[in-house]
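File shown here: query.pdb, holding PDB, C-alpha atoms (C1' of nucleotides).
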ATOM      1  CA  MET A   1      75.409-106.855-169.423
ATOM      2  CA  PRO A   2      72.092-106.805-168.196
ATOM      3  CA  GLU A   3      70.685-103.427-167.338
ATOM      4  CA  LEU A   4      67.429-102.743-165.525
ATOM      5  CA  PRO A   5      65.033-104.318-168.088
ATOM      6  CA  GLU A   6      67.113-107.483-168.434
ATOM      7  CA  VAL A   7      67.389-107.933-164.663
ATOM      8  CA  GLN A   8      63.639-107.353-164.421
ATOM      9  CA  ALA A   9      63.109-110.101-167.008
ATOM     10  CA  VAL A  10      65.109-112.522-164.862
ATOM     11  CA  VAL A  11      63.097-111.625-161.778
ATOM     12  CA  ASP A  12      59.748-111.839-163.576
ATOM     13  CA  ASN A  13      60.721-115.192-165.047
ATOM     14  CA  LEU A  14      61.651-116.668-161.659
ATOM     15  CA  LYS A  15      58.869-115.123-159.640
ATOM     16  CA  ASN A  16      56.234-117.747-160.422
ATOM     17  CA  ASN A  17      58.608-120.633-159.943
ATOM     18  CA  ILE A  18      60.805-120.142-156.920
ATOM     19  CA  ILE A  19      58.776-118.432-154.221
ATOM     20  CA  GLY A  20      58.364-120.987-151.450
ATOM     21  CA  GLU A  21      61.338-123.037-152.581
ATOM     22  CA  GLU A  22      63.962-123.774-149.940
ATOM     23  CA  ILE A  23      67.693-123.461-150.489
ATOM     24  CA  ILE A  24      69.678-126.203-148.769
ATOM     25  CA  SER A  25      73.106-125.304-150.076
ATOM     26  CA  ILE A  26      75.001-122.838-152.201
ATOM     27  CA  THR A  27      78.112-124.244-153.849
ATOM     28  CA  PRO A  28      80.613-121.847-155.394
ATOM     29  CA  LEU A  29      82.524-123.116-158.422
ATOM     30  CA  TRP A  30      84.474-119.830-158.569
ATOM     31  CA  ASP A  31      85.195-118.600-155.076
ATOM     32  CA  LYS A  32      85.091-114.863-155.730
ATOM     33  CA  THR A  33      81.483-115.107-156.931
ATOM     34  CA  ILE A  34      80.329-115.393-153.305
ATOM     35  CA  LYS A  35      81.369-111.991-152.076
ATOM     36  CA  ASN A  36      80.720-111.433-148.398
ATOM     37  CA  PHE A  37      79.463-114.549-146.665
ATOM     38  CA  ASN A  38      80.215-118.174-145.985
ATOM     39  CA  PRO A  39      77.680-120.265-147.897
ATOM     40  CA  LYS A  40      78.295-123.320-145.688
ATOM     41  CA  LYS A  41      77.438-121.325-142.619
ATOM     42  CA  ASN A  42      74.310-119.657-143.964
ATOM     43  CA  PHE A  43      72.904-122.504-146.057
ATOM     44  CA  ASN A  44      72.842-126.138-144.999
ATOM     45  CA  LYS A  45      70.538-129.119-144.857
ATOM     46  CA  ASN A  46      69.762-128.641-141.164
ATOM     47  CA  SER A  47      68.223-125.228-141.640
ATOM     48  CA  PRO A  48      66.907-124.696-145.150
ATOM     49  CA  ASN A  49      66.137-121.120-146.047
ATOM     50  CA  LYS A  50      62.804-120.470-147.696
ATOM     51  CA  ILE A  51      62.625-117.929-150.522
ATOM     52  CA  ILE A  52      59.851-115.573-149.460
ATOM     53  CA  ASP A  53      60.037-113.207-152.417
ATOM     54  CA  ILE A  54      62.151-112.161-155.370
ATOM     55  CA  THR A  55      62.405-108.541-156.441
ATOM     56  CA  ARG A  56      64.726-106.158-158.258
ATOM     57  CA  ARG A  57      66.545-103.113-156.898
ATOM     58  CA  ALA A  58      68.830-101.227-159.297
ATOM     59  CA  LYS A  59      70.567-104.010-161.249
ATOM     60  CA  PHE A  60      70.398-106.478-158.376
ATOM     61  CA  ILE A  61      68.216-109.563-158.196
ATOM     62  CA  ILE A  62      67.039-109.687-154.575
ATOM     63  CA  LEU A  63      66.102-112.998-152.959
ATOM     64  CA  HIS A  64      64.243-112.395-149.702
ATOM     65  CA  PHE A  65      64.506-114.775-146.729
ATOM     66  CA  SER A  66      63.107-114.430-143.218
ATOM     67  CA  ASP A  67      66.316-113.075-141.688
ATOM     68  CA  PHE A  68      68.346-111.702-144.587
ATOM     69  CA  ILE A  69      68.499-111.121-148.340
ATOM     70  CA  LEU A  70      70.750-112.334-151.109
ATOM     71  CA  ALA A  71      71.638-109.701-153.704
ATOM     72  CA  ILE A  72      72.808-111.075-157.024
ATOM     73  CA  HIS A  73      74.575-108.855-159.542
ATOM     74  CA  LEU A  74      75.049-110.242-163.054
ATOM     75  CA  ARG A  75      77.581-107.596-164.122
ATOM     76  CA  MET A  76      78.500-108.205-167.792
ATOM     77  CA  THR A  77      77.811-111.842-168.560
ATOM     78  CA  GLY A  78      75.896-113.297-165.636
ATOM     79  CA  LYS A  79      72.811-115.494-165.972
ATOM     80  CA  PHE A  80      70.566-116.765-163.191
ATOM     81  CA  TYR A  81      67.863-119.314-163.812
ATOM     82  CA  LEU A  82      66.024-122.358-162.482
ATOM     83  CA  SER A  83      67.081-125.774-163.724
ATOM     84  CA  ASN A  84      65.582-129.207-163.138
ATOM     85  CA  ASN A  85      67.909-131.387-165.168
ATOM     86  CA  LYS A  86      71.029-131.503-162.968
ATOM     87  CA  ILE A  87      73.175-130.232-165.817
ATOM     88  CA  ILE A  88      75.949-127.899-164.687
ATOM     89  CA  PRO A  89      76.990-125.856-167.750
ATOM     90  CA  ILE A  90      80.638-125.045-168.310
ATOM     91  CA  TYR A  91      80.552-121.437-167.089
ATOM     92  CA  THR A  92      78.531-122.135-163.953
ATOM     93  CA  ARG A  93      80.022-120.189-161.025
ATOM     94  CA  ALA A  94      77.564-121.124-158.280
ATOM     95  CA  VAL A  95      74.856-123.719-157.760
ATOM     96  CA  PHE A  96      71.907-123.303-155.355
ATOM     97  CA  ASP A  97      70.393-126.665-154.422
ATOM     98  CA  LEU A  98      66.710-126.623-153.540
ATOM     99  CA  THR A  99      64.678-129.070-151.449
ATOM    100  CA  SER A 100      62.557-129.768-154.531
ATOM    101  CA  SER A 101      65.765-131.154-156.113
ATOM    102  CA  LYS A 102      65.733-128.347-158.652
ATOM    103  CA  GLN A 103      68.680-125.992-158.818
ATOM    104  CA  LEU A 104      69.270-122.322-159.310
ATOM    105  CA  ILE A 105      72.240-121.893-161.635
ATOM    106  CA  PHE A 106      74.482-118.853-161.702
ATOM    107  CA  GLU A 107      76.466-118.807-164.955
ATOM    108  CA  ASP A 108      79.000-116.103-165.699
ATOM    109  CA  ILE A 109      81.601-116.299-168.453
ATOM    110  CA  ARG A 110      83.693-113.349-167.327
ATOM    111  CA  LYS A 111      83.478-114.016-163.580
ATOM    112  CA  PHE A 112      82.547-110.417-162.739
ATOM    113  CA  GLY A 113      79.183-111.278-161.201
ATOM    114  CA  ARG A 114      78.818-111.330-157.429
ATOM    115  CA  ILE A 115      76.415-112.666-154.806
ATOM    116  CA  TYR A 116      76.077-110.702-151.560
ATOM    117  CA  LEU A 117      74.302-111.433-148.303
ATOM    118  CA  TYR A 118      72.836-108.505-146.389
ATOM    119  CA  LYS A 119      70.553-108.086-143.406
ATOM    120  CA  ASN A 120      68.199-106.004-145.551
ATOM    121  CA  LEU A 121      68.186-103.543-148.456
ATOM    122  CA  GLU A 122      69.730-100.690-146.504
ATOM    123  CA  THR A 123      73.293-101.079-147.821
ATOM    124  CA  ILE A 124      72.133-101.167-151.421
ATOM    125  CA  ASN A 125      69.665 -98.336-150.980
ATOM    126  CA  LYS A 126      72.327 -96.092-149.484
ATOM    127  CA  ALA A 127      74.616 -96.616-152.468
ATOM    128  CA  HIS A 128      71.968 -96.115-155.149
ATOM    129  CA  GLY A 129      69.805 -93.375-156.542
ATOM    130  CA  PRO A 130      66.061 -93.689-157.134
ATOM    131  CA  GLU A 131      64.406 -96.243-159.377
ATOM    132  CA  PRO A 132      63.712 -94.635-162.752
ATOM    133  CA  LEU A 133      60.245 -96.204-162.796
ATOM    134  CA  GLY A 134      59.588 -95.483-159.125
ATOM    135  CA  LYS A 135      57.598 -92.687-157.542
ATOM    136  CA  TYR A 136      60.590 -90.562-156.548
ATOM    137  CA  PHE A 137      61.866 -90.188-160.114
ATOM    138  CA  THR A 138      59.741 -87.250-161.222
ATOM    139  CA  PRO A 139      60.527 -84.595-163.854
ATOM    140  CA  LYS A 140      60.983 -82.191-160.983
ATOM    141  CA  TRP A 141      63.500 -84.470-159.290
ATOM    142  CA  LEU A 142      65.504 -84.926-162.478
ATOM    143  CA  ILE A 143      65.569 -81.237-163.362
ATOM    144  CA  HIS A 144      66.578 -80.252-159.853
ATOM    145  CA  ASN A 145      69.361 -82.813-159.676
ATOM    146  CA  LEU A 146      70.715 -82.219-163.179
ATOM    147  CA  LYS A 147      71.018 -78.534-162.317
ATOM    148  CA  ASN A 148      72.723 -79.471-159.107
ATOM    149  CA  LYS A 149      75.557 -81.283-160.881
ATOM    150  CA  LYS A 150      78.052 -80.099-163.458
ATOM    151  CA  ARG A 151      78.891 -83.451-164.927
ATOM    152  CA  MET A 152      78.923 -84.948-168.380
ATOM    153  CA  ILE A 153      75.370 -86.238-168.806
ATOM    154  CA  LYS A 154      76.411 -89.708-169.963
ATOM    155  CA  SER A 155      78.665 -90.242-166.926
ATOM    156  CA  LEU A 156      75.953 -88.990-164.650
ATOM    157  CA  LEU A 157      73.263 -91.286-166.045
ATOM    158  CA  LEU A 158      75.625 -94.260-165.800
ATOM    159  CA  ASP A 159      76.355 -93.413-162.167
ATOM    160  CA  GLN A 160      74.217 -95.804-160.116
ATOM    161  CA  SER A 161      74.430 -93.581-157.044
ATOM    162  CA  PHE A 162      72.670 -90.867-159.048
ATOM    163  CA  LEU A 163      70.005 -92.937-160.788
ATOM    164  CA  ALA A 164      69.739 -96.726-160.534
ATOM    165  CA  GLY A 165      69.462 -99.178-163.381
ATOM    166  CA  LEU A 166      70.554 -97.480-166.583
ATOM    167  CA  GLY A 167      73.581 -98.850-168.430
ATOM    168  CA  ASN A 168      75.425 -98.180-171.647
ATOM    169  CA  ILE A 169      72.681 -99.256-174.056
ATOM    170  CA  TYR A 170      69.746 -97.441-172.512
ATOM    171  CA  VAL A 171      71.712 -94.283-171.759
ATOM    172  CA  ASP A 172      72.602 -93.973-175.446
ATOM    173  CA  GLU A 173      69.020 -94.681-176.474
ATOM    174  CA  CYS A 174      67.574 -92.161-174.002
ATOM    175  CA  LEU A 175      70.021 -89.390-174.930
ATOM    176  CA  TRP A 176      69.324 -89.897-178.620
ATOM    177  CA  ASP A 177      65.586 -89.941-178.012
ATOM    178  CA  SER A 178      65.719 -86.682-176.075
ATOM    179  CA  GLY A 179      68.155 -84.951-178.439
ATOM    180  CA  ILE A 180      70.999 -84.493-175.981
ATOM    181  CA  HIS A 181      74.642 -85.097-176.870
ATOM    182  CA  PRO A 182      76.263 -87.365-174.249
ATOM    183  CA  ILE A 183      79.096 -84.935-173.494
ATOM    184  CA  SER A 184      76.660 -82.170-172.539
ATOM    185  CA  LYS A 185      77.048 -80.729-169.061
ATOM    186  CA  SER A 186      74.091 -81.785-166.949
ATOM    187  CA  ASN A 187      73.385 -78.289-165.623
ATOM    188  CA  LYS A 188      73.454 -76.684-169.081
ATOM    189  CA  ILE A 189      70.720 -78.772-170.642
ATOM    190  CA  PRO A 190      67.631 -76.669-171.406
ATOM    191  CA  TYR A 191      64.538 -77.257-169.318
ATOM    192  CA  ASN A 192      62.529 -78.767-172.171
ATOM    193  CA  ARG A 193      65.198 -81.311-173.020
ATOM    194  CA  MET A 194      65.460 -82.287-169.359
ATOM    195  CA  LYS A 195      61.740 -82.980-169.449
ATOM    196  CA  ASN A 196      62.214 -84.924-172.673
ATOM    197  CA  LEU A 197      64.974 -86.943-171.037
ATOM    198  CA  HIS A 198      62.719 -87.893-168.148
ATOM    199  CA  GLU A 199      60.026 -88.970-170.575
ATOM    200  CA  SER A 200      62.524 -90.911-172.706
ATOM    201  CA  ILE A 201      63.945 -92.792-169.737
ATOM    202  CA  GLN A 202      60.538 -93.951-168.577
ATOM    203  CA  THR A 203      59.053 -94.855-171.949
ATOM    204  CA  ILE A 204      62.161 -96.635-173.189
ATOM    205  CA  LEU A 205      62.605 -98.672-170.005
ATOM    206  CA  LYS A 206      58.908 -99.596-169.926
ATOM    207  CA  LYS A 207      58.961-100.731-173.521
ATOM    208  CA  ALA A 208      62.189-102.691-172.990
ATOM    209  CA  ILE A 209      60.638-104.464-169.994
ATOM    210  CA  GLU A 210      57.596-105.379-172.118
ATOM    211  CA  HIS A 211      59.976-106.964-174.599
ATOM    212  CA  LYS A 212      61.915-108.742-171.834
ATOM    213  CA  GLY A 213      65.042-106.730-172.454
ATOM    214  CA  THR A 214      67.743-106.516-175.057
ATOM    215  CA  THR A 215      69.947-109.390-176.094
ATOM    216  CA  ILE A 216      73.086-108.222-177.848
ATOM    217  CA  ILE A 217      75.422-111.086-177.270
ATOM    218  CA  ASN A 218      74.422-113.971-175.091
ATOM    219  CA  PHE A 219      72.160-112.745-172.364
ATOM    220  CA  SER A 220      69.172-114.926-171.638
ATOM    221  CA  TYR A 221      66.798-114.833-168.722
ATOM    222  CA  GLN A 222      65.910-118.503-168.798
ATOM    223  CA  GLN A 223      67.605-121.845-169.055
ATOM    224  CA  ASN A 224      66.213-122.624-172.482
ATOM    225  CA  LYS A 225      67.952-119.630-174.019
ATOM    226  CA  GLN A 226      64.867-117.436-173.992
ATOM    227  CA  THR A 227      66.008-113.957-174.909
ATOM    228  CA  GLY A 228      64.406-110.569-174.903
ATOM    229  CA  ASN A 229      63.722-108.951-178.260
ATOM    230  CA  TYR A 230      64.109-105.267-177.519
ATOM    231  CA  ALA A 231      67.276-105.338-179.647
ATOM    232  CA  SER A 232      65.004-105.002-182.662
ATOM    233  CA  LYS A 233      63.650-101.751-181.188
ATOM    234  CA  LEU A 234      67.004-100.075-180.624
ATOM    235  CA  ASN A 235      67.365 -96.857-182.577
ATOM    236  CA  ILE A 236      71.035 -95.997-182.211
ATOM    237  CA  PHE A 237      72.980 -98.403-180.005
ATOM    238  CA  GLY A 238      75.190-100.677-182.095
ATOM    239  CA  LYS A 239      74.290 -98.875-185.324
ATOM    240  CA  ASN A 240      77.595 -97.312-186.320
ATOM    241  CA  LYS A 241      77.518 -95.948-189.907
ATOM    242  CA  GLU A 242      73.819 -96.667-190.251
ATOM    243  CA  PRO A 243      71.321 -93.881-190.912
ATOM    244  CA  CYS A 244      69.752 -92.096-187.959
ATOM    245  CA  PRO A 245      66.060 -93.101-187.823
ATOM    246  CA  LYS A 246      65.057 -89.439-187.404
ATOM    247  CA  CYS A 247      67.228 -87.527-189.893
ATOM    248  CA  ARG A 248      68.816 -90.283-192.021
ATOM    249  CA  LYS A 249      72.301 -88.888-191.500
ATOM    250  CA  GLN A 250      75.041 -91.263-190.466
ATOM    251  CA  ILE A 251      75.316 -92.491-186.888
ATOM    252  CA  ASN A 252      78.795 -92.263-185.376
ATOM    253  CA  LYS A 253      80.522 -94.324-182.757
ATOM    254  CA  LEU A 254      82.973 -92.773-180.334
ATOM    255  CA  LYS A 255      84.328 -93.295-176.864
ATOM    256  CA  ILE A 256      82.703 -91.201-174.168
ATOM    257  CA  ALA A 257      83.006 -91.796-170.447
ATOM    258  CA  GLY A 258      85.214 -94.752-171.315
ATOM    259  CA  ARG A 259      82.376 -96.513-173.116
ATOM    260  CA  GLY A 260      81.475 -97.152-176.714
ATOM    261  CA  THR A 261      78.907 -94.466-177.508
ATOM    262  CA  TYR A 262      76.578 -94.056-180.471
ATOM    263  CA  ILE A 263      75.378 -90.620-181.474
ATOM    264  CA  CYS A 264      73.693 -88.650-184.207
ATOM    265  CA  ASN A 265      75.589 -85.364-184.493
ATOM    266  CA  TYR A 266      72.585 -83.639-186.045
ATOM    267  CA  CYS A 267      69.853 -84.744-183.685
ATOM    268  CA  GLN A 268      71.859 -84.554-180.454
ATOM    269  CA  LYS A 269      72.933 -81.089-179.373
ATOM    270  CA  ILE A 270      75.919 -80.331-177.166
ATOM    271  CA  PHE A 271      75.042 -78.058-174.253
ATOM    272  CA  ARG A 272      78.014 -76.575-172.411
TER
ATOM    273  C1'  DC B   1      84.214 -83.053-156.855
ATOM    274  C1'  DC B   2      85.176 -85.003-161.380
ATOM    275  C1'  DA B   3      87.367 -87.359-165.360
ATOM    276  C1'  DT B   4      90.261 -91.001-166.913
ATOM    277  C1'  DG B   5      92.276 -95.390-167.190
ATOM    278  C1'  DA B   6      93.340 -99.739-165.260
ATOM    279  C1'  DA B   7      91.820-103.832-163.125
ATOM    280  C1'  DC B   8      88.799-107.693-162.737
ATOM    281  C1'  DC B   9      87.973-112.075-166.684
ATOM    282  C1'  DT B  10      86.850-114.699-171.014
ATOM    283  C1'  DG B  11      85.420-115.141-175.648
ATOM    284  C1'  DG B  12      84.262-113.293-180.203
ATOM    285  C1'  DT B  13      85.524-110.734-184.200
ATOM    286  C1'  DC B  14      88.370-108.376-187.432
ATOM    287  C1'  DG B  15      92.500-107.474-190.029
ATOM    288  C1'  DC B  16      96.831-109.079-191.736
TER
ATOM    289  C1'  DT C   1      94.498-121.209-190.541
ATOM    290  C1'  DG C   2      96.916-118.485-187.082
ATOM    291  C1'  DC C   3      97.824-114.647-184.227
ATOM    292  C1'  DG C   4      97.555-110.238-182.190
ATOM    293  C1'  DA C   5      94.693-106.276-181.211
ATOM    294  C1'  DC C   6      90.545-104.713-179.737
ATOM    295  C1'  DC C   7      85.882-104.962-178.133
ATOM    296  C1'  DA C   8      82.015-106.352-174.890
ATOM    297  C1'  DG C   9      75.427-104.945-171.348
ATOM    298  C1'  DG C  10      79.469-103.229-165.059
ATOM    299  C1'  DT C  11      81.726-101.658-161.047
ATOM    300  C1'  DT C  12      85.631-100.199-158.248
ATOM    301  C1'  DC C  13      90.018 -98.249-157.349
ATOM    302  C1'  DA C  14      94.030 -95.218-158.036
ATOM    303  C1'  DT C  15      95.642 -91.053-160.001
ATOM    304  C1'  DG C  16      95.779 -86.241-161.610
TER
END
This entry written out as C-alpha cells:
Amino acid sequence: MPELPEVQAVVDNLKNNIIGEEIISITPLWDKTIKNFNPKKNFNKNSPNKIIDITRRAKFIILHFSDFILAIHLRMTGKFYLSNNKIIPIYTRAVFDLTSSKQLIFEDIRKFGRIYLYKNLETINKAHGPEPLGKYFTPKWLIHNLKNKKRMIKSLLLDQSFLAGLGNIYVDECLWDSGIHPISKSNKIPYNRMKNLHESIQTILKKAIEHKGTTIINFSYQQNKQTGNYASKLNIFGKNKEPCPKCRKQINKLKIAGRGTYICNYCQKIFR
DNA sequence: CCATGAACCTGGTCGC
DNA sequence: TGCGACCAGGTTCATG
C-alpha cells in the first residue's frame, strides 16, 4: 500500500477541496474500519464538525477539527477521496457525508485500513520516529541511530517507530541507491554509505512526491482513478530477473524481513 | 532486544 | 476453464 509519497498525494489532492467542509455523519459499511470511536456520537447533524486542515504524519492522513483529529490509515489497499456523485463503490468501507452534499469515500478491498479519533497528534507522535523529510532527520541523526542499533537494516527502515513513512518499495529503492544489502547490520554500515542512505531517502521520497507516488496495483489518490507515475522511475522494486540499471547484472528477488525484496548482489554490499 | 511467522482480508496471477 | 498455491504498498501479536 501506500507509503509516504502516496499518502502525501492523497493529502495534497484533498487539501484544496475539503478545508472548510463540515462532516455531518460517518457511516461504517465494515465495522472494524472505525477503530476507536463511536461515529454516531462524534458526528451528527446537530453538531457538524468543520475540517480545519488536512495534513500527513507518517502514513496517516490527518483531518483536523477544533476539538480532535481523525487519523486515517490506508494500510494495503485503502483509498480516500472526495466524491460528488452519490455513488458508493463496491469496496467502500466508510462514507463521510458533508454539508455540501458531497461525500468522502473510504474504499478498502482488504479491510485492513483503519480510522482513529484522537485528541491530538500525541499518540501517533509517541509511536513514530521522525519524518524523513523533516528537520530532525539529519545525516547526523541517522548515523547516530544506525550505530545505536544492531538490527538488519531493512527491518529497521521498515520500523515506523524508528523512521516514519518508508515501506517495502522505497526501502528497497533506497538501499539499492546507496549500495547497501538489506540484510546488513545497521551498526556495521560504513560512514559514507550511511550518508549515502540519508541522501537516497530524501531524494527518492522527494522525487516520488513530485510524481504523486507509485501505483503498482490499484492505488489511486482521486476518485477518477488518477494515479501517480513514479512506478516508471523505480530502479529495482518489482524487477526480478531484469538487469540492474547500474551494472547490468541480474536483479534477484528474495524474502527478507518477511517481505519480497529486490536486490543487486553486485551493487549492494553486505556489512556484518 | 530482535527475528520470525501468523493473523487480519480479498483479489489477481501463475502453473498444472 | 477450473482449482489450488502463492503473492500483494502494512501493522500487530505471539513465540523462541
Would you tabulate, counting all atoms listed in the file, all residues of chain A that have an atom at most 7 Å from an atom of chain B, showing the closest pair of atoms and their distance in Å to one decimal, sorted by chain then ascending number, as a tab-separated table?
residue	atom	partner	partner_atom	distance
A:Ile109	CA	B:DT10	C1'	6.1
A:Arg110	CA	B:DC9	C1'	4.5
A:Lys111	CA	B:DC9	C1'	5.8
A:Phe112	CA	B:DC8	C1'	6.8
- Task: At a cut-off of 8 Å, list the chain C residues touching chain A, using all atoms listed in the file, as a ChimeraX atom specification.
- Result: /C:9-11
Specify the axis-aligned box that encloses all atoms of segment 1-8 of chain C listed in the file after padding of 3 Å on each side, stating its centre and edge lengths in Å to one decimal as lines of an AutoDock Vina configuration file.
center_x = 89.9
center_y = -113.0
center_z = -182.7
size_x = 21.8
size_y = 22.5
size_z = 21.7
- Message: Residues within 10 Å of Ser25 of chain A, please, as a list in words. Count all atoms listed in the file; anything in the same chain fewer than 5 positions from it doesn't count.
- Response: Pro39, Lys40, Lys41, Asn42, Phe43, Asn44, Lys45, Ser47, Pro48, Asn49, Val95, Phe96, Asp97, Leu98, Thr99 and Gln103 of chain A
- Kindly give the distance, in Å, that separates atom CA of Lys149 of chain A and atom CA of Lys207 of chain A, rounded to a single decimal. 28.5 Å
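Across the model, the gap from atom CA of Gly165 of chain A to atom CA of Thr261 of chain A is 17.6 Å.
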- Message: For a cutoff of 6 Å around the file-coordinate point (71.2, -83.6, -165.6), which residues qualify once you count only C-alpha atoms (C1' of nucleotides)? I'd like the result as a count of residues only.
- Response: 4
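Note that the spacing between atom CA of Arg114 of chain A and atom CA of Lys32 of chain A amounts to 7.4 Å.
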Please write the residues picked by the PyMOL selection byres ((chain A and resi 190) around 12) on this file as a PDB file with C-alpha atoms, keeping the file's coordinate frame.
ATOM      1  CA  ILE A 143      65.569 -81.237-163.362  1.00  0.00           C
ATOM      2  CA  LEU A 146      70.715 -82.219-163.179  1.00  0.00           C
ATOM      3  CA  LYS A 147      71.018 -78.534-162.317  1.00  0.00           C
ATOM      4  CA  SER A 178      65.719 -86.682-176.075  1.00  0.00           C
ATOM      5  CA  GLY A 179      68.155 -84.951-178.439  1.00  0.00           C
ATOM      6  CA  ILE A 180      70.999 -84.493-175.981  1.00  0.00           C
ATOM      7  CA  SER A 184      76.660 -82.170-172.539  1.00  0.00           C
ATOM      8  CA  LYS A 185      77.048 -80.729-169.061  1.00  0.00           C
ATOM      9  CA  SER A 186      74.091 -81.785-166.949  1.00  0.00           C
ATOM     10  CA  ASN A 187      73.385 -78.289-165.623  1.00  0.00           C
ATOM     11  CA  LYS A 188      73.454 -76.684-169.081  1.00  0.00           C
ATOM     12  CA  ILE A 189      70.720 -78.772-170.642  1.00  0.00           C
ATOM     13  CA  TYR A 191      64.538 -77.257-169.318  1.00  0.00           C
ATOM     14  CA  ASN A 192      62.529 -78.767-172.171  1.00  0.00           C
ATOM     15  CA  ARG A 193      65.198 -81.311-173.020  1.00  0.00           C
ATOM     16  CA  MET A 194      65.460 -82.287-169.359  1.00  0.00           C
ATOM     17  CA  LYS A 195      61.740 -82.980-169.449  1.00  0.00           C
ATOM     18  CA  ASN A 196      62.214 -84.924-172.673  1.00  0.00           C
ATOM     19  CA  LEU A 197      64.974 -86.943-171.037  1.00  0.00           C
ATOM     20  CA  LYS A 269      72.933 -81.089-179.373  1.00  0.00           C
ATOM     21  CA  ILE A 270      75.919 -80.331-177.166  1.00  0.00           C
ATOM     22  CA  PHE A 271      75.042 -78.058-174.253  1.00  0.00           C
ATOM     23  CA  ARG A 272      78.014 -76.575-172.411  1.00  0.00           C
TER      24      ARG A 272
END
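Considering all atoms listed in the file, the residue among A:Trp141, A:Trp30, A:Glu122, A:His211 positioned nearest to Ala231 of chain A is A:His211.
Using all atoms listed in the file, the smallest distance between any of A:Asn85, A:Asn148, A:Asn125, A:Ser101 and Ala164 of chain A comes from A:Asn125.
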- Counting all atoms listed in the file, note down every residue that has an atom within 7 Å of the point (79.9, -112.7, -152.0) (file coordinates), as number ranges by chain. A: 32-37, 114-117
Take the residues just selected and output them with C-alpha atoms as a short mmCIF file (atom, residue, chain, number, x, y, z; two decimals), in the coordinates of the input.
data_model
loop_
_atom_site.label_atom_id
_atom_site.label_comp_id
_atom_site.auth_asym_id
_atom_site.auth_seq_id
_atom_site.Cartn_x
_atom_site.Cartn_y
_atom_site.Cartn_z
CA LYS A 32 85.09 -114.86 -155.73
CA THR A 33 81.48 -115.11 -156.93
CA ILE A 34 80.33 -115.39 -153.30
CA LYS A 35 81.37 -111.99 -152.08
CA ASN A 36 80.72 -111.43 -148.40
CA PHE A 37 79.46 -114.55 -146.66
CA ARG A 114 78.82 -111.33 -157.43
CA ILE A 115 76.42 -112.67 -154.81
CA TYR A 116 76.08 -110.70 -151.56
CA LEU A 117 74.30 -111.43 -148.30
#
